[in-house]
>>> print(open('my_file-v6.cif').read())   # mmCIF, C-alpha atoms and all ligand atoms
data_model
loop_
_atom_site.group_PDB
_atom_site.id
_atom_site.type_symbol
_atom_site.label_atom_id
_atom_site.label_comp_id
_atom_site.auth_asym_id
_atom_site.auth_seq_id
_atom_site.Cartn_x
_atom_site.Cartn_y
_atom_site.Cartn_z
ATOM 1 C CA MET L 1 -33.532 26.192 -14.674
ATOM 2 C CA LYS L 2 -32.587 29.676 -13.449
ATOM 3 C CA GLN L 3 -29.085 30.337 -12.252
ATOM 4 C CA ASN L 4 -28.223 33.058 -9.734
ATOM 5 C CA ILE L 5 -24.489 33.296 -10.406
ATOM 6 C CA TYR L 6 -24.256 36.899 -9.174
ATOM 7 C CA ASP L 7 -24.782 35.605 -5.627
ATOM 8 C CA ASN L 8 -21.687 33.397 -5.949
ATOM 9 C CA GLU L 9 -19.156 35.197 -3.726
ATOM 10 C CA LEU L 10 -16.136 34.838 -6.035
ATOM 11 C CA PHE L 11 -18.116 35.794 -9.132
ATOM 12 C CA PHE L 12 -19.724 38.751 -7.367
ATOM 13 C CA GLU L 13 -16.456 40.177 -6.004
ATOM 14 C CA ASN L 14 -14.849 40.001 -9.462
ATOM 15 C CA TYR L 15 -17.877 41.501 -11.183
ATOM 16 C CA LYS L 16 -18.104 44.308 -8.614
ATOM 17 C CA ALA L 17 -14.419 45.143 -9.118
ATOM 18 C CA LEU L 18 -14.962 45.189 -12.896
ATOM 19 C CA ARG L 19 -17.839 47.648 -12.604
ATOM 20 C CA GLU L 20 -16.161 49.839 -9.991
ATOM 21 C CA ASP L 21 -13.439 50.746 -12.482
ATOM 22 C CA PRO L 22 -15.251 53.123 -14.862
ATOM 23 C CA ILE L 23 -12.944 52.137 -17.731
ATOM 24 C CA ASN L 24 -15.025 49.119 -18.736
ATOM 25 C CA TYR L 25 -17.099 47.903 -21.682
ATOM 26 C CA ASN L 26 -20.374 48.751 -19.956
ATOM 27 C CA GLU L 27 -19.542 52.388 -19.290
ATOM 28 C CA LEU L 28 -17.643 53.055 -22.533
ATOM 29 C CA LEU L 29 -19.758 51.091 -24.996
ATOM 30 C CA GLU L 30 -23.067 49.623 -23.908
ATOM 31 C CA GLN L 31 -24.463 52.143 -21.432
ATOM 32 C CA PRO L 32 -24.025 55.241 -23.634
ATOM 33 C CA GLU L 33 -25.894 53.517 -26.459
ATOM 34 C CA ILE L 34 -28.752 52.074 -24.401
ATOM 35 C CA ARG L 35 -29.211 55.471 -22.700
ATOM 36 C CA ARG L 36 -29.266 57.188 -26.098
ATOM 37 C CA MET L 37 -31.998 54.776 -27.250
ATOM 38 C CA LEU L 38 -34.250 55.344 -24.214
ATOM 39 C CA PRO L 39 -37.360 57.392 -24.971
ATOM 40 C CA ASP L 40 -38.231 60.508 -22.948
ATOM 41 C CA LEU L 41 -38.669 59.258 -19.394
ATOM 42 C CA LYS L 42 -40.432 62.259 -17.866
ATOM 43 C CA SER L 43 -43.392 61.109 -15.735
ATOM 44 C CA LYS L 44 -43.082 57.579 -17.154
ATOM 45 C CA HIS L 45 -43.314 54.288 -15.286
ATOM 46 C CA VAL L 46 -40.215 52.234 -15.941
ATOM 47 C CA LEU L 47 -39.461 48.574 -15.356
ATOM 48 C CA ASP L 48 -35.719 47.816 -15.081
ATOM 49 C CA ILE L 49 -35.212 44.076 -15.550
ATOM 50 C CA GLY L 50 -32.035 42.667 -13.999
ATOM 51 C CA CYS L 51 -31.116 46.026 -12.467
ATOM 52 C CA GLY L 52 -27.934 44.758 -10.826
ATOM 53 C CA MET L 53 -26.323 47.505 -8.755
ATOM 54 C CA GLY L 54 -28.993 49.994 -9.797
ATOM 55 C CA ASP L 55 -27.028 52.543 -11.850
ATOM 56 C CA LEU L 56 -29.498 52.494 -14.746
ATOM 57 C CA ALA L 57 -32.521 52.517 -12.423
ATOM 58 C CA ARG L 58 -31.229 55.659 -10.743
ATOM 59 C CA TYR L 59 -30.395 57.208 -14.108
ATOM 60 C CA CYS L 60 -34.033 56.649 -15.183
ATOM 61 C CA ALA L 61 -35.233 58.271 -11.961
ATOM 62 C CA GLU L 62 -32.931 61.247 -12.525
ATOM 63 C CA GLN L 63 -34.352 61.642 -16.042
ATOM 64 C CA GLY L 64 -37.734 62.327 -14.445
ATOM 65 C CA ALA L 65 -39.415 58.908 -14.365
ATOM 66 C CA ALA L 66 -42.461 58.862 -12.096
ATOM 67 C CA GLY L 67 -41.523 55.425 -10.836
ATOM 68 C CA VAL L 68 -38.887 52.771 -11.485
ATOM 69 C CA THR L 69 -39.517 49.165 -10.539
ATOM 70 C CA ALA L 70 -36.101 47.529 -10.555
ATOM 71 C CA LEU L 71 -35.888 43.774 -10.212
ATOM 72 C CA ASP L 72 -33.045 41.338 -9.846
ATOM 73 C CA PRO L 73 -32.714 37.846 -8.346
ATOM 74 C CA SER L 74 -29.341 38.528 -6.692
ATOM 75 C CA SER L 75 -29.400 39.674 -3.076
ATOM 76 C CA ARG L 76 -25.753 40.792 -3.333
ATOM 77 C CA MET L 77 -26.470 42.972 -6.352
ATOM 78 C CA LEU L 78 -29.587 44.425 -4.741
ATOM 79 C CA GLN L 79 -27.705 45.193 -1.544
ATOM 80 C CA GLU L 80 -25.237 47.250 -3.608
ATOM 81 C CA ALA L 81 -28.143 48.913 -5.401
ATOM 82 C CA GLU L 82 -29.778 49.908 -2.111
ATOM 83 C CA ASN L 83 -26.457 51.272 -0.817
ATOM 84 C CA ARG L 84 -25.358 53.174 -3.918
ATOM 85 C CA ASN L 85 -28.467 53.986 -5.877
ATOM 86 C CA ASN L 86 -31.234 54.580 -3.418
ATOM 87 C CA HIS L 87 -33.786 57.029 -4.835
ATOM 88 C CA PRO L 88 -37.314 57.935 -3.690
ATOM 89 C CA VAL L 89 -38.972 56.782 -6.928
ATOM 90 C CA VAL L 90 -36.970 53.553 -7.343
ATOM 91 C CA GLU L 91 -38.302 50.350 -5.811
ATOM 92 C CA TYR L 92 -35.908 47.390 -5.775
ATOM 93 C CA ILE L 93 -37.517 43.948 -5.810
ATOM 94 C CA GLN L 94 -35.741 40.616 -5.466
ATOM 95 C CA THR L 95 -37.011 38.300 -8.162
ATOM 96 C CA ALA L 96 -35.953 36.707 -11.415
ATOM 97 C CA LEU L 97 -37.809 37.986 -14.451
ATOM 98 C CA GLU L 98 -39.337 34.539 -15.014
ATOM 99 C CA ASP L 99 -40.902 34.587 -11.515
ATOM 100 C CA ALA L 100 -42.100 38.182 -11.535
ATOM 101 C CA VAL L 101 -45.848 38.805 -11.443
ATOM 102 C CA PHE L 102 -46.660 42.115 -13.109
ATOM 103 C CA GLU L 103 -49.830 44.095 -13.027
ATOM 104 C CA LYS L 104 -51.150 44.203 -16.584
ATOM 105 C CA GLN L 105 -50.474 47.329 -18.642
ATOM 106 C CA SER L 106 -48.640 49.160 -15.873
ATOM 107 C CA TYR L 107 -45.341 50.284 -17.445
ATOM 108 C CA ASP L 108 -44.531 52.731 -20.240
ATOM 109 C CA ILE L 109 -40.991 51.423 -20.707
ATOM 110 C CA ALA L 110 -39.235 48.155 -19.911
ATOM 111 C CA VAL L 111 -35.461 48.361 -20.064
ATOM 112 C CA SER L 112 -32.948 45.614 -19.494
ATOM 113 C CA SER L 113 -29.185 45.830 -19.730
ATOM 114 C CA LEU L 114 -27.242 42.622 -20.399
ATOM 115 C CA VAL L 115 -29.682 40.189 -18.810
ATOM 116 C CA MET L 116 -31.602 38.464 -21.620
ATOM 117 C CA HIS L 117 -28.779 35.985 -22.340
ATOM 118 C CA TYR L 118 -29.377 34.507 -18.859
ATOM 119 C CA VAL L 119 -33.024 33.713 -19.657
ATOM 120 C CA ALA L 120 -33.853 30.183 -20.854
ATOM 121 C CA ASP L 121 -37.400 30.737 -22.147
ATOM 122 C CA TYR L 122 -37.200 33.903 -24.253
ATOM 123 C CA ASP L 123 -40.736 33.699 -25.659
ATOM 124 C CA ALA L 124 -42.257 33.357 -22.197
ATOM 125 C CA VAL L 125 -40.515 36.440 -20.813
ATOM 126 C CA ILE L 126 -41.251 38.528 -23.908
ATOM 127 C CA ARG L 127 -44.956 37.640 -23.504
ATOM 128 C CA SER L 128 -44.807 38.564 -19.826
ATOM 129 C CA ILE L 129 -43.154 41.934 -20.583
ATOM 130 C CA HIS L 130 -45.706 42.546 -23.351
ATOM 131 C CA ALA L 131 -48.565 42.066 -20.871
ATOM 132 C CA ALA L 132 -46.883 44.351 -18.319
ATOM 133 C CA LEU L 133 -46.451 47.201 -20.824
ATOM 134 C CA LYS L 134 -49.115 49.770 -21.616
ATOM 135 C CA GLU L 135 -50.311 50.082 -25.204
ATOM 136 C CA ASP L 136 -47.490 51.520 -27.331
ATOM 137 C CA GLY L 137 -45.012 50.757 -24.539
ATOM 138 C CA ILE L 138 -41.338 50.361 -25.331
ATOM 139 C CA LEU L 139 -39.105 47.381 -24.619
ATOM 140 C CA LEU L 140 -35.393 48.212 -24.888
ATOM 141 C CA PHE L 141 -32.789 45.607 -24.057
ATOM 142 C CA SER L 142 -29.147 44.820 -24.647
ATOM 143 C CA THR L 143 -27.736 41.331 -24.712
ATOM 144 C CA GLU L 144 -24.485 39.569 -25.548
ATOM 145 C CA HIS L 145 -24.119 39.577 -29.299
ATOM 146 C CA PRO L 146 -25.007 36.217 -30.937
ATOM 147 C CA ILE L 147 -21.677 36.047 -32.725
ATOM 148 C CA VAL L 148 -20.029 36.071 -29.289
ATOM 149 C CA THR L 149 -22.347 33.534 -27.635
ATOM 150 C CA ALA L 150 -22.447 31.144 -30.614
ATOM 151 C CA ARG L 151 -19.267 29.065 -30.362
ATOM 152 C CA LYS L 152 -19.604 26.162 -27.944
ATOM 153 C CA GLU L 153 -15.957 25.238 -27.452
ATOM 154 C CA GLY L 154 -12.526 26.657 -28.096
ATOM 155 C CA ASP L 155 -11.090 30.137 -27.976
ATOM 156 C CA LYS L 156 -13.154 32.794 -29.652
ATOM 157 C CA TRP L 157 -10.261 35.006 -30.707
ATOM 158 C CA ILE L 158 -7.767 33.025 -32.761
ATOM 159 C CA THR L 159 -4.285 34.367 -32.043
ATOM 160 C CA ASP L 160 -0.804 33.957 -33.490
ATOM 161 C CA GLU L 161 2.128 32.690 -31.434
ATOM 162 C CA ASP L 162 2.679 36.211 -30.058
ATOM 163 C CA GLY L 163 -0.891 36.478 -28.870
ATOM 164 C CA ASN L 164 -1.999 38.904 -31.598
ATOM 165 C CA ARG L 165 -5.652 38.499 -32.529
ATOM 166 C CA ILE L 166 -5.853 37.188 -36.103
ATOM 167 C CA HIS L 167 -9.597 36.675 -36.360
ATOM 168 C CA PHE L 168 -12.714 35.895 -34.370
ATOM 169 C CA ALA L 169 -14.212 32.416 -34.610
ATOM 170 C CA VAL L 170 -17.960 32.029 -35.047
ATOM 171 C CA ASP L 171 -19.359 28.494 -34.978
ATOM 172 C CA ASN L 172 -22.512 26.632 -33.913
ATOM 173 C CA TYR L 173 -24.424 29.801 -34.812
ATOM 174 C CA GLN L 174 -27.692 28.082 -35.723
ATOM 175 C CA GLU L 175 -27.626 25.857 -32.654
ATOM 176 C CA GLN L 176 -29.782 27.893 -30.303
ATOM 177 C CA GLY L 177 -29.740 27.377 -26.571
ATOM 178 C CA ARG L 178 -27.595 26.747 -23.562
ATOM 179 C CA ARG L 179 -23.890 27.493 -23.324
ATOM 180 C CA ASP L 180 -21.768 26.725 -20.251
ATOM 181 C CA VAL L 181 -18.855 29.127 -20.030
ATOM 182 C CA LYS L 182 -16.132 30.194 -17.645
ATOM 183 C CA TRP L 183 -16.350 33.814 -16.532
ATOM 184 C CA TYR L 184 -14.522 34.225 -13.205
ATOM 185 C CA VAL L 185 -15.950 30.800 -12.235
ATOM 186 C CA ASP L 186 -16.784 27.629 -14.163
ATOM 187 C CA GLY L 187 -20.320 26.795 -15.134
ATOM 188 C CA VAL L 188 -21.795 30.191 -15.919
ATOM 189 C CA VAL L 189 -24.903 29.467 -17.993
ATOM 190 C CA TYR L 190 -25.798 31.598 -21.030
ATOM 191 C CA TYR L 191 -28.410 31.091 -23.718
ATOM 192 C CA HIS L 192 -27.365 31.705 -27.310
ATOM 193 C CA ARG L 193 -29.964 33.074 -29.711
ATOM 194 C CA SER L 194 -29.322 34.010 -33.306
ATOM 195 C CA ILE L 195 -30.269 37.475 -34.524
ATOM 196 C CA SER L 196 -33.386 36.117 -36.252
ATOM 197 C CA ALA L 197 -34.418 34.311 -33.056
ATOM 198 C CA LEU L 198 -34.054 37.521 -31.034
ATOM 199 C CA CYS L 199 -36.063 39.540 -33.563
ATOM 200 C CA ASN L 200 -38.733 36.948 -34.329
ATOM 201 C CA GLY L 201 -39.352 36.334 -30.611
ATOM 202 C CA LEU L 202 -40.363 39.984 -30.397
ATOM 203 C CA ILE L 203 -42.382 40.054 -33.604
ATOM 204 C CA ARG L 204 -44.444 36.910 -32.918
ATOM 205 C CA ASN L 205 -45.249 38.131 -29.404
ATOM 206 C CA GLY L 206 -46.762 41.457 -30.386
ATOM 207 C CA PHE L 207 -43.883 43.886 -30.790
ATOM 208 C CA SER L 208 -42.661 45.839 -33.775
ATOM 209 C CA LEU L 209 -38.954 46.545 -34.057
ATOM 210 C CA GLU L 210 -37.930 50.197 -33.933
ATOM 211 C CA GLU L 211 -34.124 50.076 -33.833
ATOM 212 C CA ILE L 212 -31.282 47.593 -33.573
ATOM 213 C CA THR L 213 -27.742 48.668 -32.785
ATOM 214 C CA GLU L 214 -24.370 46.992 -32.344
ATOM 215 C CA PRO L 215 -22.443 49.545 -30.264
ATOM 216 C CA MET L 216 -19.124 50.792 -31.597
ATOM 217 C CA PRO L 217 -16.469 52.484 -29.464
ATOM 218 C CA SER L 218 -15.813 56.197 -29.828
ATOM 219 C CA GLU L 219 -12.286 57.489 -30.332
ATOM 220 C CA ALA L 220 -12.369 58.734 -26.746
ATOM 221 C CA ALA L 221 -13.286 55.235 -25.546
ATOM 222 C CA ILE L 222 -10.421 53.694 -27.539
ATOM 223 C CA ALA L 223 -8.026 56.241 -26.035
ATOM 224 C CA GLN L 224 -9.107 55.182 -22.539
ATOM 225 C CA LEU L 225 -9.207 51.433 -23.202
ATOM 226 C CA PRO L 226 -7.172 50.548 -26.316
ATOM 227 C CA ARG L 227 -8.338 46.910 -26.551
ATOM 228 C CA ILE L 228 -11.922 48.107 -27.005
ATOM 229 C CA GLU L 229 -10.824 48.862 -30.598
ATOM 230 C CA HIS L 230 -11.472 45.157 -31.344
ATOM 231 C CA GLU L 231 -15.178 46.040 -31.154
ATOM 232 C CA LEU L 232 -14.712 47.516 -34.613
ATOM 233 C CA ARG L 233 -13.897 43.974 -35.820
ATOM 234 C CA ARG L 234 -16.818 42.265 -34.112
ATOM 235 C CA PRO L 235 -19.416 43.659 -31.694
ATOM 236 C CA SER L 236 -19.807 42.273 -28.165
ATOM 237 C CA PHE L 237 -23.344 43.567 -27.700
ATOM 238 C CA ILE L 238 -26.590 44.002 -29.576
ATOM 239 C CA ILE L 239 -29.384 46.320 -28.473
ATOM 240 C CA LEU L 240 -32.999 45.921 -29.602
ATOM 241 C CA LYS L 241 -35.746 48.486 -29.240
ATOM 242 C CA ALA L 242 -39.342 47.395 -29.896
ATOM 243 C CA ARG L 243 -42.821 48.828 -29.429
ATOM 244 C CA LYS L 244 -45.873 46.962 -28.173
ATOM 245 C CA THR L 245 -48.282 46.952 -31.087
ATOM 246 C CA ALA L 246 -50.586 43.977 -30.820
ATOM 247 C CA HIS L 247 -51.991 41.238 -28.663
ATOM 248 C CA PRO L 248 -49.864 38.140 -29.133
HETATM 249 C C1 LIG L 301 -24.419 41.854 -16.423
HETATM 250 S S1 LIG L 301 -25.400 42.175 -15.018
HETATM 251 C C2 LIG L 301 -26.169 43.685 -15.524
HETATM 252 C C3 LIG L 301 -26.717 44.478 -14.368
HETATM 253 C C4 LIG L 301 -27.360 45.809 -14.764
HETATM 254 N N1 LIG L 301 -28.453 45.635 -15.693
HETATM 255 C C5 LIG L 301 -26.333 46.745 -15.330
HETATM 256 O O1 LIG L 301 -26.337 46.977 -16.539
HETATM 257 O O2 LIG L 301 -25.481 47.225 -14.575
HETATM 258 C C6 LIG L 301 -26.702 40.999 -15.197
HETATM 259 C C7 LIG L 301 -27.755 41.068 -14.088
HETATM 260 O O3 LIG L 301 -28.843 40.228 -14.486
HETATM 261 C C8 LIG L 301 -29.344 39.595 -13.342
HETATM 262 N N2 LIG L 301 -30.077 38.396 -13.768
HETATM 263 C C9 LIG L 301 -29.568 37.189 -14.107
HETATM 264 N N3 LIG L 301 -30.546 36.327 -14.410
HETATM 265 C C10 LIG L 301 -31.711 37.034 -14.302
HETATM 266 C C11 LIG L 301 -33.086 36.703 -14.483
HETATM 267 N N4 LIG L 301 -33.450 35.471 -14.822
HETATM 268 N N5 LIG L 301 -34.019 37.664 -14.264
HETATM 269 C C12 LIG L 301 -33.640 38.918 -13.907
HETATM 270 N N6 LIG L 301 -32.355 39.282 -13.716
HETATM 271 C C13 LIG L 301 -31.405 38.345 -13.897
HETATM 272 C C14 LIG L 301 -28.098 39.306 -12.510
HETATM 273 O O4 LIG L 301 -28.389 39.017 -11.156
HETATM 274 C C15 LIG L 301 -27.304 40.580 -12.723
HETATM 275 O O5 LIG L 301 -27.581 41.537 -11.746
#
>>> encode(input="my_file-v6.cif", output="structure tokens")
Amino acid sequence: MKQNIYDNELFFENYKALREDPINYNELLEQPEIRRMLPDLKSKHVLDIGCGMGDLARYCAEQGAAGVTALDPSSRMLQEAENRNNHPVVEYIQTALEDAVFEKQSYDIAVSSLVMHYVADYDAVIRSIHAALKEDGILLFSTEHPIVTARKEGDKWITDEDGNRIHFAVDNYQEQGRRDVKWYVDGVVYYHRSISALCNGLIRNGFSLEEITEPMPSEAAIAQLPRIEHELRRPSFIILKARKTAHP
């Protein structure tokens, strides 16, 4: 079942405040890397899956994309996107990825930033994106790193009595599937997938892998947000770039 937690008022207000402060993990860690991994966007048709408040969609437009179709199920997120990131070549559409009906072979690039861990049926959406991409099209997405989503219960960072982080606990790694977590509110639903599950879902559905990264903070990022240094001990995000090569 799909959850639309970003339309929960309390969740949304907290998330918006997080993103409005530019000193955050998205801006310092994930966005620079996913933008680096994007192919040349000039005159390309881009699909932005789970566009949220539209920053990446507008970035794609400003890089010269001919069109950006940006979808998201959350009306609150899309309202922010329309207000902040309106652009003549960006079209915002309210839908979950699972419900979207795409014209076949209509996009050069599908990009998705930190959305895939909300999707229950990974194979189904990868097949749908594959059909929507033109031949040789690129799928580039970031997701919560499996070592972060794995553990079902208990604190992930194990600390000493002074709160210092001793080590990070990974457990239940091979148990794929649903996780119910607290993030601003109780009952936020994630789906854990191991690294092999993420990669094999692409490979068996007609993609070949081009690059995988686990973003690391720069020295400048650590200077701005010292706790981001813990990313050097374990990554929060993984980014996969794949090319459409075959009919699944
Ligand atoms: C962490 S936010 C990222 C937003 C945006 N991609 C960015 O990087 O700023 C996750 C977004 O995924 C959207 N989302 C959640 N489930 C989704 C689904 N099934 N299909 C498409 N988008 C979804 C949420 O509404 C939210 O806007």
>>> residues_near_ligand(input="my_file-v6.cif", ligand="ligand LIG 301 (chain L)", cutoff="8 Å", atoms="all atoms listed in the file", output="PyMOL selection string")
chain L and resi 2-7+19+26+31+48-56+71-74+77-78+95-98+112-116+118-119
>>> closest_residue(input="my_file-v6.cif", among="L:Asp108, L:Asp40, L:Asp123, L:Glu135", to="L:Lys244", atoms="all atoms listed in the file")
L:Glu135
>>> resolve_selection(input="my_file-v6.cif", expression="the PyMOL selection byres (((chain L and resi 204-206) around 12) and not hetatm)", output="ChimeraX atom specification")
/L:122-131,133,135-139,196-203,207-209,242-248
>>> atom_distance(input="my_file-v6.cif", atom1="atom CA of L:Pro215", atom2="atom CA of L:Tyr15")
21.2 Å
>>> resolve_selection(input="my_file-v6.cif", expression="the PyMOL selection byres (((chain L and resi 227-233) around 10) and not hetatm)", output="PyMOL selection string")
chain L and resi 24-25+28-29+165+167-168+214-219+221-226+234-237
>>> closest_residue(input="my_file-v6.cif", among="L:Arg36, L:Ala110, L:Lys156, L:Glu30", to="L:Val68", atoms="all atoms listed in the file")
L:Ala110
>>> resolve_selection(input="my_file-v6.cif", expression="the PyMOL selection byres (((chain L and resi 183) around 12) and not hetatm)", output="number ranges by chain")
L: 5-6, 8, 10-12, 14-15, 179-182, 184-190
>>> write_last_selection(input="my_file-v6.cif", atoms="C-alpha atoms", output="PDB file, keeping the file's coordinate frame")
ATOM      1  CA  ILE L   5     -24.489  33.296 -10.406  1.00  0.00           C
ATOM      2  CA  TYR L   6     -24.256  36.899  -9.174  1.00  0.00           C
ATOM      3  CA  ASN L   8     -21.687  33.397  -5.949  1.00  0.00           C
ATOM      4  CA  LEU L  10     -16.136  34.838  -6.035  1.00  0.00           C
ATOM      5  CA  PHE L  11     -18.116  35.794  -9.132  1.00  0.00           C
ATOM      6  CA  PHE L  12     -19.724  38.751  -7.367  1.00  0.00           C
ATOM      7  CA  ASN L  14     -14.849  40.001  -9.462  1.00  0.00           C
ATOM      8  CA  TYR L  15     -17.877  41.501 -11.183  1.00  0.00           C
ATOM      9  CA  ARG L 179     -23.890  27.493 -23.324  1.00  0.00           C
ATOM     10  CA  ASP L 180     -21.768  26.725 -20.251  1.00  0.00           C
ATOM     11  CA  VAL L 181     -18.855  29.127 -20.030  1.00  0.00           C
ATOM     12  CA  LYS L 182     -16.132  30.194 -17.645  1.00  0.00           C
ATOM     13  CA  TYR L 184     -14.522  34.225 -13.205  1.00  0.00           C
ATOM     14  CA  VAL L 185     -15.950  30.800 -12.235  1.00  0.00           C
ATOM     15  CA  ASP L 186     -16.784  27.629 -14.163  1.00  0.00           C
ATOM     16  CA  GLY L 187     -20.320  26.795 -15.134  1.00  0.00           C
ATOM     17  CA  VAL L 188     -21.795  30.191 -15.919  1.00  0.00           C
ATOM     18  CA  VAL L 189     -24.903  29.467 -17.993  1.00  0.00           C
ATOM     19  CA  TYR L 190     -25.798  31.598 -21.030  1.00  0.00           C
TER      20      TYR L 190
END
>>> residues_around(input="my_file-v6.cif", residues="L:Arg58", least_positions_apart="6", cutoff="12 Å", atoms="all atoms listed in the file", output="PDB file with C-alpha atoms, in the coordinates of the input")
ATOM      1  CA  LEU L  41     -38.669  59.258 -19.394  1.00  0.00           C
ATOM      2  CA  VAL L  46     -40.215  52.234 -15.941  1.00  0.00           C
ATOM      3  CA  LEU L  47     -39.461  48.574 -15.356  1.00  0.00           C
ATOM      4  CA  ASP L  48     -35.719  47.816 -15.081  1.00  0.00           C
ATOM      5  CA  CYS L  51     -31.116  46.026 -12.467  1.00  0.00           C
ATOM      6  CA  GLY L  52     -27.934  44.758 -10.826  1.00  0.00           C
ATOM      7  CA  GLY L  64     -37.734  62.327 -14.445  1.00  0.00           C
ATOM      8  CA  ALA L  65     -39.415  58.908 -14.365  1.00  0.00           C
ATOM      9  CA  ALA L  66     -42.461  58.862 -12.096  1.00  0.00           C
ATOM     10  CA  GLY L  67     -41.523  55.425 -10.836  1.00  0.00           C
ATOM     11  CA  VAL L  68     -38.887  52.771 -11.485  1.00  0.00           C
ATOM     12  CA  THR L  69     -39.517  49.165 -10.539  1.00  0.00           C
ATOM     13  CA  ALA L  70     -36.101  47.529 -10.555  1.00  0.00           C
ATOM     14  CA  ALA L  81     -28.143  48.913  -5.401  1.00  0.00           C
ATOM     15  CA  GLU L  82     -29.778  49.908  -2.111  1.00  0.00           C
ATOM     16  CA  ASN L  83     -26.457  51.272  -0.817  1.00  0.00           C
ATOM     17  CA  ARG L  84     -25.358  53.174  -3.918  1.00  0.00           C
ATOM     18  CA  ASN L  85     -28.467  53.986  -5.877  1.00  0.00           C
ATOM     19  CA  ASN L  86     -31.234  54.580  -3.418  1.00  0.00           C
ATOM     20  CA  HIS L  87     -33.786  57.029  -4.835  1.00  0.00           C
ATOM     21  CA  PRO L  88     -37.314  57.935  -3.690  1.00  0.00           C
ATOM     22  CA  VAL L  89     -38.972  56.782  -6.928  1.00  0.00           C
ATOM     23  CA  VAL L  90     -36.970  53.553  -7.343  1.00  0.00           C
ATOM     24  CA  GLU L  91     -38.302  50.350  -5.811  1.00  0.00           C
ATOM     25  CA  TYR L  92     -35.908  47.390  -5.775  1.00  0.00           C
TER      26      TYR L  92
END
>>> atom_distance(input="my_file-v6.cif", atom1="atom CA of L:Thr213", atom2="atom CA of L:Lys152")
24.4 Å
>>> atom_distance(input="my_file-v6.cif", atom1="atom CA of L:His45", atom2="atom CA of L:Glu103")
12.3 Å
>>> build_atoms(input="my_file-v6.cif", residues="stretch 220-235 of chain L", atoms="N, CA and C atoms", output="compact mmCIF listing (two decimals), keeping the file's coordinate frame")
# COMPACT_ATOMS: atom_id res chain seq x y z
N ALA L 220 -12.70 58.46 -28.15
CA ALA L 220 -12.37 58.73 -26.75
C ALA L 220 -12.33 57.43 -25.95
N ALA L 221 -13.26 56.52 -26.26
CA ALA L 221 -13.29 55.24 -25.55
C ALA L 221 -12.03 54.43 -25.87
N ILE L 222 -11.63 54.45 -27.14
CA ILE L 222 -10.42 53.69 -27.54
C ILE L 222 -9.18 54.28 -26.85
N ALA L 223 -9.17 55.61 -26.70
CA ALA L 223 -8.03 56.24 -26.04
C ALA L 223 -7.95 55.79 -24.57
N GLN L 224 -9.11 55.60 -23.96
CA GLN L 224 -9.11 55.18 -22.54
C GLN L 224 -8.84 53.70 -22.36
N LEU L 225 -9.32 52.89 -23.33
CA LEU L 225 -9.21 51.43 -23.20
C LEU L 225 -8.86 50.87 -24.59
N PRO L 226 -7.55 50.87 -24.93
CA PRO L 226 -7.17 50.55 -26.32
C PRO L 226 -7.74 49.23 -26.85
N ARG L 227 -7.88 48.20 -26.00
CA ARG L 227 -8.34 46.91 -26.55
C ARG L 227 -9.80 46.96 -26.98
N ILE L 228 -10.52 48.01 -26.59
CA ILE L 228 -11.92 48.11 -27.00
C ILE L 228 -12.01 48.34 -28.52
N GLU L 229 -10.87 48.68 -29.14
CA GLU L 229 -10.82 48.86 -30.60
C GLU L 229 -11.26 47.59 -31.33
N HIS L 230 -11.07 46.42 -30.71
CA HIS L 230 -11.47 45.16 -31.34
C HIS L 230 -12.98 45.11 -31.59
N GLU L 231 -13.73 45.97 -30.91
CA GLU L 231 -15.18 46.04 -31.15
C GLU L 231 -15.49 46.48 -32.58
N LEU L 232 -14.52 47.12 -33.21
CA LEU L 232 -14.71 47.52 -34.61
C LEU L 232 -14.60 46.30 -35.53
N ARG L 233 -14.03 45.20 -35.02
CA ARG L 233 -13.90 43.97 -35.82
C ARG L 233 -15.09 43.06 -35.61
N ARG L 234 -15.59 43.01 -34.40
CA ARG L 234 -16.82 42.26 -34.11
C ARG L 234 -17.44 42.85 -32.85
N PRO L 235 -18.77 43.04 -32.85
CA PRO L 235 -19.42 43.66 -31.69
C PRO L 235 -19.64 42.65 -30.56
